[in-house]
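S.K.: Below is the structure I would like to discuss, written out as structure tokens.
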Amino acid sequence: MTVSSAYPAHTDPIDALLSAHGLRRTVAARLVLGWFLAHADTSYTHAQLLSALQGVEPDKGVTLDRVTLYRLIDRLTQVGLLLCRVDANRVRRYQAMPESVKAMPHFECQTCHRDSPLAGALQGNALDLEAAAEGALQALKALGYQDVSLDLAVRGVCADCASAAAGVA
């Protein structure tokens, strides 16, 4: 996610994003949002994120327990800074939400449960998907639906798991 250059150079872009979305600029909020922005192409479960953040910036006295982290990612999701997906196994995965995205197509492997973005794989078709997503969102808004978003999940077996299974057979 690229932060707009409209923010003055002396303003921390993470602080500016938190403030713009009405959130407090706590050390924990800066740490979590900063982590997601630094790993924008990766989605994390709550447990994976908690594990990844253990020991990060210990000099600032940040200790995140699971409840605090859950509440923080919930707030970041509510204001649109994070995308929350629920996979086929009903596991929530969180990822940084690019500002311009109307639909984030992704592939969920049913064997290894890896979640991979498809925007690069779709290349030229990604613009068609964006236009279709925007049309669907506008139609829903016209019907009175509010705070709508679109999640496109393709499920199957990834190439790595398919070739591993073929090698075993």
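All residue names refer to the structure tokens as shown: chains lettered A, B, ... in order, residues numbered from 1 in each chain, ligands numbered from 1 in order.
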Which residues come within 8 Å of range 11-19 of chain A, counting only C-alpha atoms, excluding same-chain residues fewer than 6 positions away, as a ChimeraX atom specification?
M.R.: /A:3,25,29-30,33-34
S.K.: Emit the selected residues as a PDB file, in the first residue's frame, including all heavy atoms.
M.R.:
```
ATOM      1  N   VAL A   3       1.338   5.142   0.667  1.00  0.00           N
ATOM      2  CA  VAL A   3       0.712   6.233   1.378  1.00  0.00           C
ATOM      3  C   VAL A   3       0.850   7.478   0.529  1.00  0.00           C
ATOM      4  O   VAL A   3       1.899   7.748  -0.040  1.00  0.00           O
ATOM      5  CB  VAL A   3       1.366   6.427   2.760  1.00  0.00           C
ATOM      6  CG1 VAL A   3       0.766   7.602   3.471  1.00  0.00           C
ATOM      7  CG2 VAL A   3       1.206   5.174   3.580  1.00  0.00           C
ATOM      8  N   ARG A  25      -3.323   6.954  17.932  1.00  0.00           N
ATOM      9  CA  ARG A  25      -1.990   6.613  17.424  1.00  0.00           C
ATOM     10  C   ARG A  25      -1.152   5.996  18.541  1.00  0.00           C
ATOM     11  O   ARG A  25      -0.135   6.544  18.943  1.00  0.00           O
ATOM     12  CB  ARG A  25      -1.321   7.851  16.849  1.00  0.00           C
ATOM     13  CG  ARG A  25      -2.098   8.438  15.685  1.00  0.00           C
ATOM     14  CD  ARG A  25      -1.513   9.733  15.255  1.00  0.00           C
ATOM     15  NE  ARG A  25      -1.295  10.582  16.416  1.00  0.00           N
ATOM     16  CZ  ARG A  25      -1.315  11.889  16.409  1.00  0.00           C
ATOM     17  NH1 ARG A  25      -1.519  12.538  15.315  1.00  0.00           N
ATOM     18  NH2 ARG A  25      -1.106  12.579  17.504  1.00  0.00           N
ATOM     19  N   ALA A  29      -0.999   0.270  17.891  1.00  0.00           N
ATOM     20  CA  ALA A  29      -1.676   0.506  16.613  1.00  0.00           C
ATOM     21  C   ALA A  29      -0.661   0.777  15.509  1.00  0.00           C
ATOM     22  O   ALA A  29      -0.789   0.258  14.392  1.00  0.00           O
ATOM     23  CB  ALA A  29      -2.656   1.671  16.737  1.00  0.00           C
ATOM     24  N   ARG A  30       0.367   1.571  15.813  1.00  0.00           N
ATOM     25  CA  ARG A  30       1.409   1.845  14.811  1.00  0.00           C
ATOM     26  C   ARG A  30       2.159   0.574  14.450  1.00  0.00           C
ATOM     27  O   ARG A  30       2.475   0.338  13.289  1.00  0.00           O
ATOM     28  CB  ARG A  30       2.374   2.914  15.331  1.00  0.00           C
ATOM     29  CG  ARG A  30       1.765   4.303  15.317  1.00  0.00           C
ATOM     30  CD  ARG A  30       2.810   5.380  15.524  1.00  0.00           C
ATOM     31  NE  ARG A  30       3.464   5.295  16.811  1.00  0.00           N
ATOM     32  CZ  ARG A  30       3.086   5.963  17.896  1.00  0.00           C
ATOM     33  NH1 ARG A  30       2.048   6.766  17.846  1.00  0.00           N
ATOM     34  NH2 ARG A  30       3.748   5.840  19.022  1.00  0.00           N
ATOM     35  N   LEU A  33      -0.404  -1.816  12.291  1.00  0.00           N
ATOM     36  CA  LEU A  33      -0.642  -1.272  10.955  1.00  0.00           C
ATOM     37  C   LEU A  33       0.651  -1.247  10.144  1.00  0.00           C
ATOM     38  O   LEU A  33       0.658  -1.589   8.957  1.00  0.00           O
ATOM     39  CB  LEU A  33      -1.259   0.126  11.032  1.00  0.00           C
ATOM     40  CG  LEU A  33      -1.617   0.759   9.688  1.00  0.00           C
ATOM     41  CD1 LEU A  33      -2.558  -0.133   8.883  1.00  0.00           C
ATOM     42  CD2 LEU A  33      -2.218   2.144   9.900  1.00  0.00           C
ATOM     43  N   GLY A  34       1.748  -0.886  10.782  1.00  0.00           N
ATOM     44  CA  GLY A  34       3.041  -0.887  10.098  1.00  0.00           C
ATOM     45  C   GLY A  34       3.419  -2.275   9.603  1.00  0.00           C
ATOM     46  O   GLY A  34       3.954  -2.434   8.499  1.00  0.00           O
TER      47      GLY A  34
END
```
S.K.: Running DSSP on the backbone, which parts of range 9-82 of chain A land in helix (DSSP H, G or I), as a PDB file with C-alpha atoms, in the first residue's frame?
M.R.:
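That gives us part01.pdb:
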```pdb
ATOM      1  CA  PRO A  13       2.446   8.130   7.284  1.00  0.00           C
ATOM      2  CA  ILE A  14       1.172   5.472   9.690  1.00  0.00           C
ATOM      3  CA  ASP A  15       0.177   8.143  12.231  1.00  0.00           C
ATOM      4  CA  ALA A  16      -1.519  10.073   9.439  1.00  0.00           C
ATOM      5  CA  LEU A  17      -3.519   6.987   8.356  1.00  0.00           C
ATOM      6  CA  LEU A  18      -4.587   6.223  11.911  1.00  0.00           C
ATOM      7  CA  SER A  19      -5.648   9.832  12.516  1.00  0.00           C
ATOM      8  CA  ALA A  20      -7.463  10.076   9.178  1.00  0.00           C
ATOM      9  CA  VAL A  27       2.435   2.284  19.882  1.00  0.00           C
ATOM     10  CA  ALA A  28       0.475  -0.947  19.411  1.00  0.00           C
ATOM     11  CA  ALA A  29      -1.676   0.506  16.613  1.00  0.00           C
ATOM     12  CA  ARG A  30       1.409   1.845  14.811  1.00  0.00           C
ATOM     13  CA  LEU A  31       3.155  -1.507  15.188  1.00  0.00           C
ATOM     14  CA  VAL A  32       0.255  -3.580  13.847  1.00  0.00           C
ATOM     15  CA  LEU A  33      -0.642  -1.272  10.955  1.00  0.00           C
ATOM     16  CA  GLY A  34       3.041  -0.887  10.098  1.00  0.00           C
ATOM     17  CA  TRP A  35       3.417  -4.679  10.005  1.00  0.00           C
ATOM     18  CA  PHE A  36       0.475  -5.087   7.649  1.00  0.00           C
ATOM     19  CA  LEU A  37       1.696  -2.295   5.363  1.00  0.00           C
ATOM     20  CA  ALA A  38       5.201  -3.803   5.266  1.00  0.00           C
ATOM     21  CA  HIS A  46      -4.911 -13.818  14.341  1.00  0.00           C
ATOM     22  CA  ALA A  47      -2.553 -16.499  15.699  1.00  0.00           C
ATOM     23  CA  GLN A  48      -0.030 -16.034  12.869  1.00  0.00           C
ATOM     24  CA  LEU A  49       0.013 -12.280  13.427  1.00  0.00           C
ATOM     25  CA  LEU A  50       0.412 -12.642  17.188  1.00  0.00           C
ATOM     26  CA  SER A  51       3.326 -15.021  16.624  1.00  0.00           C
ATOM     27  CA  ALA A  52       4.944 -12.723  14.059  1.00  0.00           C
ATOM     28  CA  LEU A  53       4.695  -9.696  16.339  1.00  0.00           C
ATOM     29  CA  PRO A  58      10.665  -4.780  22.549  1.00  0.00           C
ATOM     30  CA  ASP A  59      12.582  -1.563  23.298  1.00  0.00           C
ATOM     31  CA  LYS A  60       9.330   0.412  22.999  1.00  0.00           C
ATOM     32  CA  ARG A  66      -4.281 -11.924  22.048  1.00  0.00           C
ATOM     33  CA  VAL A  67      -7.329  -9.915  23.203  1.00  0.00           C
ATOM     34  CA  THR A  68      -5.676  -6.537  22.608  1.00  0.00           C
ATOM     35  CA  LEU A  69      -4.511  -7.671  19.180  1.00  0.00           C
ATOM     36  CA  TYR A  70      -7.975  -8.992  18.306  1.00  0.00           C
ATOM     37  CA  ARG A  71      -9.617  -5.687  19.268  1.00  0.00           C
ATOM     38  CA  LEU A  72      -7.020  -3.697  17.361  1.00  0.00           C
ATOM     39  CA  ILE A  73      -7.336  -5.671  14.121  1.00  0.00           C
ATOM     40  CA  ASP A  74     -11.118  -5.496  14.484  1.00  0.00           C
ATOM     41  CA  ARG A  75     -10.958  -1.674  14.665  1.00  0.00           C
ATOM     42  CA  LEU A  76      -8.530  -1.504  11.730  1.00  0.00           C
ATOM     43  CA  THR A  77     -10.912  -3.698   9.718  1.00  0.00           C
ATOM     44  CA  GLN A  78     -13.977  -1.631  10.651  1.00  0.00           C
TER      45      GLN A  78
END
```
S.K.: In Å, how far is it from CA of Thr42 in chain A to CA of Leu129 in chain A?
M.R.: 20.6 Å
S.K.: If you run DSSP on the backbone here, which positions in range 11-143 of chain A get strand (DSSP E)? Please write them as a list in words.
M.R.: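 Reading the DSSP output for range 11-143 of chain A, strand (DSSP E) covers Leu82, Leu83, Cys84, Arg85, Val86, Arg92, Arg93, Tyr94, Gln95, Ala96, His106, Phe107, Glu108, Cys109, Asp115, Ser116 and Pro117 of chain A.
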S.K.: Include N, CA, C and O atoms and write out the residues we just selected as a PDB file, in the first residue's frame.
M.R.:
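File written: result21.pdb
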```
ATOM      1  N   LEU A  82      -7.827  -2.645   6.981  1.00  0.00           N
ATOM      2  CA  LEU A  82      -7.525  -4.062   6.788  1.00  0.00           C
ATOM      3  C   LEU A  82      -8.695  -4.743   6.106  1.00  0.00           C
ATOM      4  O   LEU A  82      -9.844  -4.351   6.280  1.00  0.00           O
ATOM      5  N   LEU A  83      -8.373  -5.769   5.371  1.00  0.00           N
ATOM      6  CA  LEU A  83      -9.371  -6.621   4.741  1.00  0.00           C
ATOM      7  C   LEU A  83      -9.451  -7.899   5.564  1.00  0.00           C
ATOM      8  O   LEU A  83      -8.419  -8.481   5.903  1.00  0.00           O
ATOM      9  N   CYS A  84     -10.652  -8.322   5.904  1.00  0.00           N
ATOM     10  CA  CYS A  84     -10.852  -9.571   6.632  1.00  0.00           C
ATOM     11  C   CYS A  84     -11.567 -10.541   5.713  1.00  0.00           C
ATOM     12  O   CYS A  84     -12.620 -10.227   5.175  1.00  0.00           O
ATOM     13  N   ARG A  85     -10.963 -11.718   5.545  1.00  0.00           N
ATOM     14  CA  ARG A  85     -11.581 -12.776   4.758  1.00  0.00           C
ATOM     15  C   ARG A  85     -11.828 -13.973   5.658  1.00  0.00           C
ATOM     16  O   ARG A  85     -11.041 -14.240   6.557  1.00  0.00           O
ATOM     17  N   VAL A  86     -12.857 -14.687   5.364  1.00  0.00           N
ATOM     18  CA  VAL A  86     -13.124 -15.941   6.066  1.00  0.00           C
ATOM     19  C   VAL A  86     -12.960 -17.045   5.025  1.00  0.00           C
ATOM     20  O   VAL A  86     -13.668 -17.063   4.019  1.00  0.00           O
ATOM     21  N   ARG A  92     -10.537 -16.714   9.927  1.00  0.00           N
ATOM     22  CA  ARG A  92     -10.406 -15.311   9.509  1.00  0.00           C
ATOM     23  C   ARG A  92      -8.951 -15.014   9.175  1.00  0.00           C
ATOM     24  O   ARG A  92      -8.049 -15.357   9.928  1.00  0.00           O
ATOM     25  N   ARG A  93      -8.764 -14.333   8.043  1.00  0.00           N
ATOM     26  CA  ARG A  93      -7.434 -13.902   7.616  1.00  0.00           C
ATOM     27  C   ARG A  93      -7.495 -12.403   7.346  1.00  0.00           C
ATOM     28  O   ARG A  93      -8.462 -11.919   6.767  1.00  0.00           O
ATOM     29  N   TYR A  94      -6.448 -11.706   7.770  1.00  0.00           N
ATOM     30  CA  TYR A  94      -6.405 -10.254   7.653  1.00  0.00           C
ATOM     31  C   TYR A  94      -5.257  -9.848   6.747  1.00  0.00           C
ATOM     32  O   TYR A  94      -4.196 -10.472   6.748  1.00  0.00           O
ATOM     33  N   GLN A  95      -5.479  -8.760   6.000  1.00  0.00           N
ATOM     34  CA  GLN A  95      -4.481  -8.269   5.069  1.00  0.00           C
ATOM     35  C   GLN A  95      -4.658  -6.760   4.924  1.00  0.00           C
ATOM     36  O   GLN A  95      -5.769  -6.243   5.079  1.00  0.00           O
ATOM     37  N   ALA A  96      -3.574  -6.056   4.600  1.00  0.00           N
ATOM     38  CA  ALA A  96      -3.674  -4.622   4.361  1.00  0.00           C
ATOM     39  C   ALA A  96      -4.611  -4.384   3.190  1.00  0.00           C
ATOM     40  O   ALA A  96      -4.591  -5.109   2.201  1.00  0.00           O
ATOM     41  N   HIS A 106      -8.204 -13.758  -4.769  1.00  0.00           N
ATOM     42  CA  HIS A 106      -7.152 -14.559  -4.154  1.00  0.00           C
ATOM     43  C   HIS A 106      -7.489 -16.036  -4.300  1.00  0.00           C
ATOM     44  O   HIS A 106      -8.632 -16.414  -4.539  1.00  0.00           O
ATOM     45  N   PHE A 107      -6.454 -16.847  -4.186  1.00  0.00           N
ATOM     46  CA  PHE A 107      -6.595 -18.295  -4.329  1.00  0.00           C
ATOM     47  C   PHE A 107      -6.330 -18.939  -2.982  1.00  0.00           C
ATOM     48  O   PHE A 107      -5.310 -18.674  -2.353  1.00  0.00           O
ATOM     49  N   GLU A 108      -7.240 -19.794  -2.532  1.00  0.00           N
ATOM     50  CA  GLU A 108      -7.085 -20.523  -1.272  1.00  0.00           C
ATOM     51  C   GLU A 108      -6.844 -21.988  -1.601  1.00  0.00           C
ATOM     52  O   GLU A 108      -7.706 -22.647  -2.179  1.00  0.00           O
ATOM     53  N   CYS A 109      -5.663 -22.493  -1.225  1.00  0.00           N
ATOM     54  CA  CYS A 109      -5.354 -23.905  -1.455  1.00  0.00           C
ATOM     55  C   CYS A 109      -6.051 -24.744  -0.394  1.00  0.00           C
ATOM     56  O   CYS A 109      -5.908 -24.495   0.805  1.00  0.00           O
ATOM     57  N   ASP A 115      -2.869 -18.792   1.198  1.00  0.00           N
ATOM     58  CA  ASP A 115      -3.728 -17.806   0.564  1.00  0.00           C
ATOM     59  C   ASP A 115      -2.839 -16.940  -0.321  1.00  0.00           C
ATOM     60  O   ASP A 115      -1.908 -16.310   0.173  1.00  0.00           O
ATOM     61  N   SER A 116      -3.085 -16.927  -1.628  1.00  0.00           N
ATOM     62  CA  SER A 116      -2.225 -16.217  -2.570  1.00  0.00           C
ATOM     63  C   SER A 116      -3.022 -15.189  -3.353  1.00  0.00           C
ATOM     64  O   SER A 116      -4.092 -15.507  -3.882  1.00  0.00           O
ATOM     65  N   PRO A 117      -2.498 -13.946  -3.469  1.00  0.00           N
ATOM     66  CA  PRO A 117      -3.192 -12.954  -4.286  1.00  0.00           C
ATOM     67  C   PRO A 117      -3.136 -13.348  -5.759  1.00  0.00           C
ATOM     68  O   PRO A 117      -2.157 -13.927  -6.218  1.00  0.00           O
TER      69      PRO A 117
END
```
S.K.: With only C-alpha atoms as the counted atoms, please give the residues lying no more than 10 Å from Ala136 in chain A, apart from itself and same-chain residues fewer than 4 positions off, as a list in words.
M.R.: Lys102, Glu130, Ala131, Ala132, Leu140, Lys141, Ala142, Val148, Ser149 and Leu150 of chain A
S.K.: Using only C-alpha atoms, please write the residues we just selected to a file, as an mmCIF file, in the first residue's frame.
M.R.:
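Output (again14.cif):
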```cif
data_model
loop_
_atom_site.group_PDB
_atom_site.id
_atom_site.type_symbol
_atom_site.label_atom_id
_atom_site.label_comp_id
_atom_site.auth_asym_id
_atom_site.auth_seq_id
_atom_site.Cartn_x
_atom_site.Cartn_y
_atom_site.Cartn_z
ATOM 1 C CA LYS A 102 -12.692 -2.784 -5.118
ATOM 2 C CA GLU A 130 -12.270 -4.133 -11.007
ATOM 3 C CA ALA A 131 -14.977 -2.771 -13.304
ATOM 4 C CA ALA A 132 -17.324 -5.688 -12.570
ATOM 5 C CA LEU A 140 -26.015 -2.864 -4.148
ATOM 6 C CA LYS A 141 -25.639 0.710 -2.896
ATOM 7 C CA ALA A 142 -28.481 1.801 -5.191
ATOM 8 C CA VAL A 148 -20.491 -3.151 1.091
ATOM 9 C CA SER A 149 -17.299 -4.825 -0.053
ATOM 10 C CA LEU A 150 -16.496 -7.680 -2.385
#
```
S.K.: Compare A:Asp160, A:Ala153, A:His21, A:Arg114 by their minimum atom-to-atom distance to Ser43 in chain A, counting only C-alpha atoms, and give me the closest one.
M.R.: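 Among the listed residues, A:Arg114 lies closest to Ser43 in chain A.
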